[in-house]
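> File run.cif below, mmCIF, C-alpha atoms and all ligand atoms:
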data_coords
#
loop_
_atom_site.label_atom_id
_atom_site.label_comp_id
_atom_site.auth_asym_id
_atom_site.auth_seq_id
_atom_site.Cartn_x
_atom_site.Cartn_y
_atom_site.Cartn_z
CA MET P 1 15.37 2.62 4.60
CA SER P 2 18.23 5.09 4.18
CA LYS P 3 17.45 8.73 5.06
CA LYS P 4 18.21 9.77 1.47
CA ASN P 5 15.66 7.30 0.07
CA THR P 6 13.03 8.23 2.65
CA GLN P 7 13.34 11.89 1.69
CA ALA P 8 13.15 11.09 -2.05
CA VAL P 9 10.01 8.93 -1.58
CA LYS P 10 8.37 11.55 0.66
CA SER P 11 8.92 14.41 -1.75
CA PHE P 12 7.89 12.32 -4.78
CA PHE P 13 4.53 11.31 -3.23
CA ASP P 14 3.91 14.71 -1.69
CA GLY P 15 4.11 16.26 -5.16
CA TYR P 16 2.16 13.44 -6.81
CA ALA P 17 -0.66 13.18 -4.19
CA SER P 18 -3.57 14.58 -6.21
CA GLY P 19 -2.32 12.92 -9.43
CA PHE P 20 -2.16 9.60 -7.60
CA TYR P 21 -5.62 10.08 -6.08
CA SER P 22 -7.08 10.67 -9.57
CA ILE P 23 -6.41 6.96 -10.32
CA TYR P 24 -9.31 6.16 -7.97
CA LYS P 25 -11.74 8.82 -9.25
CA GLU P 26 -13.52 6.72 -11.87
CA GLU P 27 -16.27 9.26 -12.53
CA GLN P 28 -13.80 12.00 -13.52
CA LYS P 29 -11.83 9.95 -16.05
CA ASN P 30 -12.08 10.26 -19.78
CA PRO P 31 -12.71 6.93 -21.58
CA ILE P 32 -9.04 6.48 -22.58
CA LYS P 33 -7.74 6.97 -19.02
CA ARG P 34 -10.50 4.70 -17.71
CA PHE P 35 -9.52 1.99 -20.20
CA LEU P 36 -5.79 2.34 -19.43
CA ASP P 37 -6.28 2.24 -15.67
CA ARG P 38 -8.53 -0.81 -15.94
CA THR P 39 -5.96 -2.70 -18.02
CA VAL P 40 -2.51 -1.42 -17.05
CA ARG P 41 -3.46 -0.83 -13.38
CA TYR P 42 -5.64 -3.96 -13.13
CA SER P 43 -3.60 -5.36 -10.25
CA MET P 44 -3.97 -2.21 -8.10
CA PHE P 45 -7.71 -2.79 -7.96
CA HIS P 46 -7.56 -6.56 -7.66
CA ARG P 47 -4.95 -6.68 -4.92
CA PHE P 48 -7.19 -4.43 -2.80
CA GLN P 49 -10.20 -6.65 -3.49
CA LYS P 50 -8.20 -9.63 -2.16
CA VAL P 51 -7.07 -7.64 0.90
CA SER P 52 -10.63 -6.61 1.76
CA GLU P 53 -11.83 -10.24 1.46
CA ILE P 54 -9.04 -11.44 3.79
CA ILE P 55 -9.69 -8.66 6.32
CA GLU P 56 -13.41 -9.37 6.30
CA LYS P 57 -12.84 -13.11 6.87
CA SER P 58 -10.33 -12.43 9.64
CA ASN P 59 -12.94 -10.61 11.75
CA SER P 60 -10.48 -7.82 12.43
CA ARG P 61 -11.58 -4.79 14.47
CA ASP P 62 -8.48 -2.60 14.43
CA VAL P 63 -6.66 -2.29 11.14
CA LEU P 64 -3.57 -0.33 10.07
CA ASP P 65 -3.12 0.88 6.50
CA ALA P 66 0.66 1.37 6.31
CA GLY P 67 1.45 3.96 3.62
CA CYS P 68 -2.23 4.78 3.15
CA GLY P 69 -1.72 7.45 0.45
CA PRO P 70 -5.02 9.28 -0.18
CA GLY P 71 -6.90 6.86 2.10
CA TRP P 72 -9.19 5.54 -0.62
CA HIS P 73 -8.95 1.93 0.55
CA ASP P 74 -9.72 2.99 4.12
CA ILE P 75 -12.85 4.81 3.02
CA LEU P 76 -14.06 1.74 1.11
CA LEU P 77 -13.34 -0.57 4.06
CA ALA P 78 -14.94 1.78 6.61
CA LYS P 79 -18.09 2.01 4.46
CA THR P 80 -18.54 -1.76 4.23
CA LEU P 81 -17.04 -3.26 7.40
CA ASN P 82 -17.47 -2.57 11.07
CA ILE P 83 -13.80 -1.76 11.74
CA ASN P 84 -11.57 1.04 13.00
CA ILE P 85 -8.81 1.99 10.61
CA THR P 86 -5.63 3.96 11.18
CA GLY P 87 -3.92 5.21 8.05
CA ILE P 88 -0.33 6.44 8.23
CA ASP P 89 1.66 8.13 5.49
CA ILE P 90 4.87 10.11 5.29
CA ALA P 91 3.53 12.53 2.66
CA PRO P 92 1.49 15.38 4.26
CA GLU P 93 -0.42 16.04 1.02
CA MET P 94 -1.63 12.42 0.97
CA ILE P 95 -2.92 12.72 4.54
CA LYS P 96 -4.65 16.01 3.71
CA ILE P 97 -6.64 14.21 0.98
CA SER P 98 -7.42 11.27 3.31
CA GLU P 99 -8.77 13.59 6.00
CA THR P 100 -10.81 15.71 3.60
CA GLU P 101 -12.39 12.68 1.94
CA SER P 102 -13.12 11.00 5.26
CA LYS P 103 -14.79 14.17 6.60
CA LYS P 104 -16.92 14.53 3.42
CA ARG P 105 -18.36 11.08 4.10
CA ASN P 106 -18.75 11.47 7.89
CA LEU P 107 -16.37 8.59 8.52
CA GLU P 108 -14.16 10.35 11.10
CA THR P 109 -15.29 8.09 13.95
CA LYS P 110 -13.99 5.02 12.11
CA LEU P 111 -10.93 6.53 10.45
CA ASN P 112 -7.84 8.10 11.95
CA PHE P 113 -4.94 9.44 9.88
CA ILE P 114 -1.36 10.12 10.92
CA THR P 115 1.38 11.96 9.03
CA ALA P 116 4.63 10.18 9.91
CA ASP P 117 7.37 7.86 8.75
CA LEU P 118 6.30 4.28 9.44
CA LEU P 119 9.74 3.40 10.74
CA GLU P 120 9.91 6.31 13.18
CA TYR P 121 6.37 6.42 14.57
CA ASN P 122 5.65 4.80 17.97
CA PHE P 123 2.24 3.15 17.84
CA ASP P 124 0.45 3.01 21.19
CA GLN P 125 -1.76 0.08 20.21
CA LYS P 126 -1.69 -3.26 18.36
CA PHE P 127 -3.66 -4.04 15.20
CA ASP P 128 -5.53 -7.21 14.23
CA ALA P 129 -4.52 -6.65 10.63
CA ILE P 130 -1.98 -4.48 8.81
CA PHE P 131 -1.90 -3.94 5.08
CA ALA P 132 0.61 -2.07 2.91
CA LEU P 133 -0.31 -1.75 -0.76
CA GLY P 134 2.27 -0.30 -3.13
CA VAL P 135 4.59 0.66 -0.26
CA VAL P 136 7.22 -2.02 0.47
CA GLU P 137 8.81 -1.57 -2.99
CA TYR P 138 10.02 1.92 -1.96
CA PHE P 139 12.19 0.50 0.86
CA ASP P 140 15.74 -0.44 -0.14
CA ASP P 141 15.78 -2.80 2.85
CA PRO P 142 12.25 -3.60 4.14
CA ILE P 143 13.42 -5.85 7.00
CA ASP P 144 13.00 -3.20 9.72
CA LEU P 145 9.58 -2.29 8.35
CA LEU P 146 8.37 -5.91 8.43
CA LYS P 147 9.85 -6.50 11.88
CA LYS P 148 7.98 -3.44 13.13
CA MET P 149 4.73 -4.71 11.60
CA LYS P 150 5.28 -8.08 13.28
CA LYS P 151 5.63 -6.38 16.68
CA ILE P 152 2.35 -4.48 16.42
CA CYS P 153 0.17 -7.07 14.67
CA THR P 154 -1.89 -9.84 16.27
CA ASN P 155 -3.23 -11.69 13.23
CA LYS P 156 -2.71 -10.78 9.54
CA ILE P 157 -0.08 -8.79 7.66
CA LEU P 158 -0.67 -8.19 3.97
CA PHE P 159 1.67 -6.42 1.61
CA SER P 160 2.16 -6.10 -2.11
CA VAL P 161 5.37 -5.89 -4.12
CA PRO P 162 5.75 -5.54 -7.89
CA VAL P 163 6.73 -8.52 -10.03
CA LEU P 164 10.22 -8.37 -11.53
CA ASN P 165 9.42 -10.33 -14.67
CA HIS P 166 6.55 -8.45 -16.23
CA TRP P 167 6.35 -6.63 -19.57
CA LEU P 168 5.55 -3.32 -17.80
CA THR P 169 8.48 -3.48 -15.37
CA THR P 170 11.07 -1.77 -17.59
CA GLN P 171 8.92 1.25 -18.36
CA ARG P 172 8.04 1.64 -14.66
CA LYS P 173 11.74 1.46 -13.70
CA ILE P 174 12.55 4.18 -16.23
CA ARG P 175 9.62 6.43 -15.25
CA TYR P 176 10.53 6.29 -11.56
CA LYS P 177 14.25 6.76 -12.24
CA ILE P 178 13.47 9.94 -14.20
CA ARG P 179 11.31 11.16 -11.30
CA LYS P 180 14.14 10.27 -8.86
CA CYS P 181 11.98 7.90 -6.80
CA PRO P 182 13.78 4.68 -5.79
CA LEU P 183 11.87 1.44 -6.39
CA TRP P 184 12.60 -2.32 -6.12
CA PHE P 185 11.05 -5.35 -7.85
CA TYR P 186 10.59 -8.90 -6.57
CA ASP P 187 10.44 -12.54 -7.53
CA GLU P 188 9.22 -15.35 -5.27
CA LYS P 189 12.76 -16.28 -4.25
CA LYS P 190 13.43 -12.74 -3.04
CA ILE P 191 10.17 -12.77 -1.05
CA ASP P 192 11.07 -16.15 0.53
CA ASN P 193 14.46 -14.77 1.45
CA LEU P 194 12.89 -11.67 3.02
CA MET P 195 10.41 -13.81 5.00
CA SER P 196 13.21 -15.98 6.37
CA GLN P 197 15.04 -12.92 7.70
CA ILE P 198 12.18 -11.60 9.85
CA PRO P 199 11.35 -14.53 10.35
CA PHE P 200 7.81 -15.22 9.09
CA VAL P 201 7.02 -18.90 8.62
CA ASN P 202 3.32 -18.95 7.93
CA TYR P 203 2.74 -17.05 4.70
CA LYS P 204 1.22 -17.36 1.22
CA ILE P 205 2.21 -15.54 -1.95
CA HIS P 206 -0.73 -14.63 -4.23
CA LYS P 207 0.24 -13.59 -7.75
CA ILE P 208 -2.07 -10.81 -8.95
CA ASP P 209 -0.98 -9.76 -12.44
CA ARG P 210 1.89 -7.20 -11.95
CA ASP P 211 2.01 -7.73 -8.18
CA TYR P 212 2.60 -10.32 -5.53
CA LEU P 213 0.34 -10.02 -2.52
CA VAL P 214 1.98 -11.62 0.51
CA GLU P 215 -0.46 -12.84 3.19
CA ILE P 216 1.22 -13.50 6.52
CA SER P 217 -0.41 -15.12 9.55
CA VAL P 218 1.45 -13.84 12.58
C1 LIG B 301 2.03 4.13 -4.28
S1 LIG B 301 1.46 4.97 -2.86
C2 LIG B 301 0.22 3.80 -2.32
C3 LIG B 301 -0.82 4.44 -1.44
C4 LIG B 301 -1.93 3.50 -0.97
N1 LIG B 301 -1.39 2.38 -0.21
C5 LIG B 301 -2.72 2.99 -2.14
O1 LIG B 301 -2.51 1.84 -2.55
O2 LIG B 301 -3.58 3.74 -2.62
C6 LIG B 301 2.76 4.67 -1.67
C7 LIG B 301 2.59 5.46 -0.39
O3 LIG B 301 3.53 5.00 0.60
C8 LIG B 301 3.94 6.12 1.35
N2 LIG B 301 5.20 5.82 2.03
C9 LIG B 301 6.37 5.45 1.46
N3 LIG B 301 7.32 5.30 2.41
C10 LIG B 301 6.74 5.58 3.61
C11 LIG B 301 7.21 5.61 4.96
N4 LIG B 301 8.48 5.35 5.27
N5 LIG B 301 6.32 5.93 5.94
C12 LIG B 301 5.02 6.21 5.64
N6 LIG B 301 4.53 6.22 4.37
C13 LIG B 301 5.37 5.90 3.37
C14 LIG B 301 4.07 7.21 0.28
O4 LIG B 301 4.10 8.51 0.84
C15 LIG B 301 2.85 6.94 -0.60
O5 LIG B 301 1.74 7.70 -0.23
#
Can you turn what I pasted into structure tokens?


Amino acid sequence: MSKKNTQAVKSFFDGYASGFYSIYKEEQKNPIKRFLDRTVRYSMFHRFQKVSEIIEKSNSRDVLDAGCGPGWHDILLAKTLNINITGIDIAPEMIKISETESKKRNLETKLNFITADLLEYNFDQKFDAIFALGVVEYFDDPIDLLKKMKKICTNKILFSVPVLNHWLTTQRKIRYKIRKCPLWFYDEKKIDNLMSQIPFVNYKIHKIDRDYLVEISV
């Protein structure tokens, strides 16, 4: 990713951290927001459900959440599965929320959070599974990111990207352009092309409403 884009994405998510986290706080939503999130953001919840099923079946022990945001998925996984999760995010405010929420639930022995750029950080271990939800679309050129994931993963890589041809795409493009956060959309051909450049041969593309979830066996 270019330095300019990295900086734009970092400052966008740093400023939006608590707003973004509120998407997951069901109990604090008014009925209209709850309804909107359940319909418009349907795929955010369902892509995670699919990821947790795949991770559970894969018998993974060490898992990396690449671009973990407020760490909500990590908390859910740590509560239900016997796994160690590392969450990494470039936005310090996102990691602050992840650490606070993990501490509140006494999950610090299973969860570890790092504030860093995924492309710059040197991991000192390998992971059985890596997932990146709502992250790859912020990279103008995700090849280096996927190559890095390939190097440090022993079994499954899962990532989502937003569908190009969807009725909500135009409004999302406009919203993010106004907020100066770069963002890219995908069709299956673009995903196939990306996979061939890494290369990844063994992969499936699951269509989940507004998103594709790509499941790679390394
Ligand atoms: C839309 S949020 C998704 C957060 C989380 N995966 C979720 O689904 O709840 C995207 C996250 O990716 C992070 N991110 C984007 N580029 C990154 C990079 N180069 N290194 C680490 N994190 C990055 C952002 O800071 C942001 O928190």

> Can you measure atom CA of Asp128 of chain P to atom CA of Lys156 of chain P for me? One decimal in Å is fine.

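Result for atom CA of Asp128 of chain P versus atom CA of Lys156 of chain P: 6.5 Å, one decimal.
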
> Give the residue list for ligand LIG 301 (chain B) at 8 Å, counting only C-alpha atoms and all ligand atoms, as a VMD selection string, sorted by chain and then by residue number.

chain P and resid 1 6 9 to 10 12 to 14 17 20 to 21 44 48 65 to 73 88 to 91 94 115 to 119 132 to 136 138 to 139

> Nearest to Ile198 of chain P: which of P:Met149, P:Ala8, P:Ser160, P:Asp140 is it, counting all atoms listed in the file?

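Smallest distance to Ile198 of chain P is found for P:Met149.
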
> List the spatial neighbours of Ala129 of chain P as an MDAnalysis selection string - criterion: any atom at most 12 Å away, all atoms listed in the file, same-chain residues fewer than 5 positions off excluded.

chainID P and resid 51:52 54:66 83:86 149:159 215:218

> Atom CA of Leu194 of chain P and atom CA of Gln7 of chain P, how far apart in Å?

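Interatomic distance here is 23.6 Å.
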
> Record the distance separating atom CA of Arg41 of chain P and atom CA of Ile205 of chain P, expressed in Å with one decimal.

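These atoms are spaced 19.5 Å apart.
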
> Pick the closest to Ile75 of chain P from P:Lys96, P:Lys103, P:Arg175, P:Arg34: which is it, counting only C-alpha atoms?

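Once distances to Ile75 of chain P are computed over only C-alpha atoms, the minimum belongs to P:Lys103.
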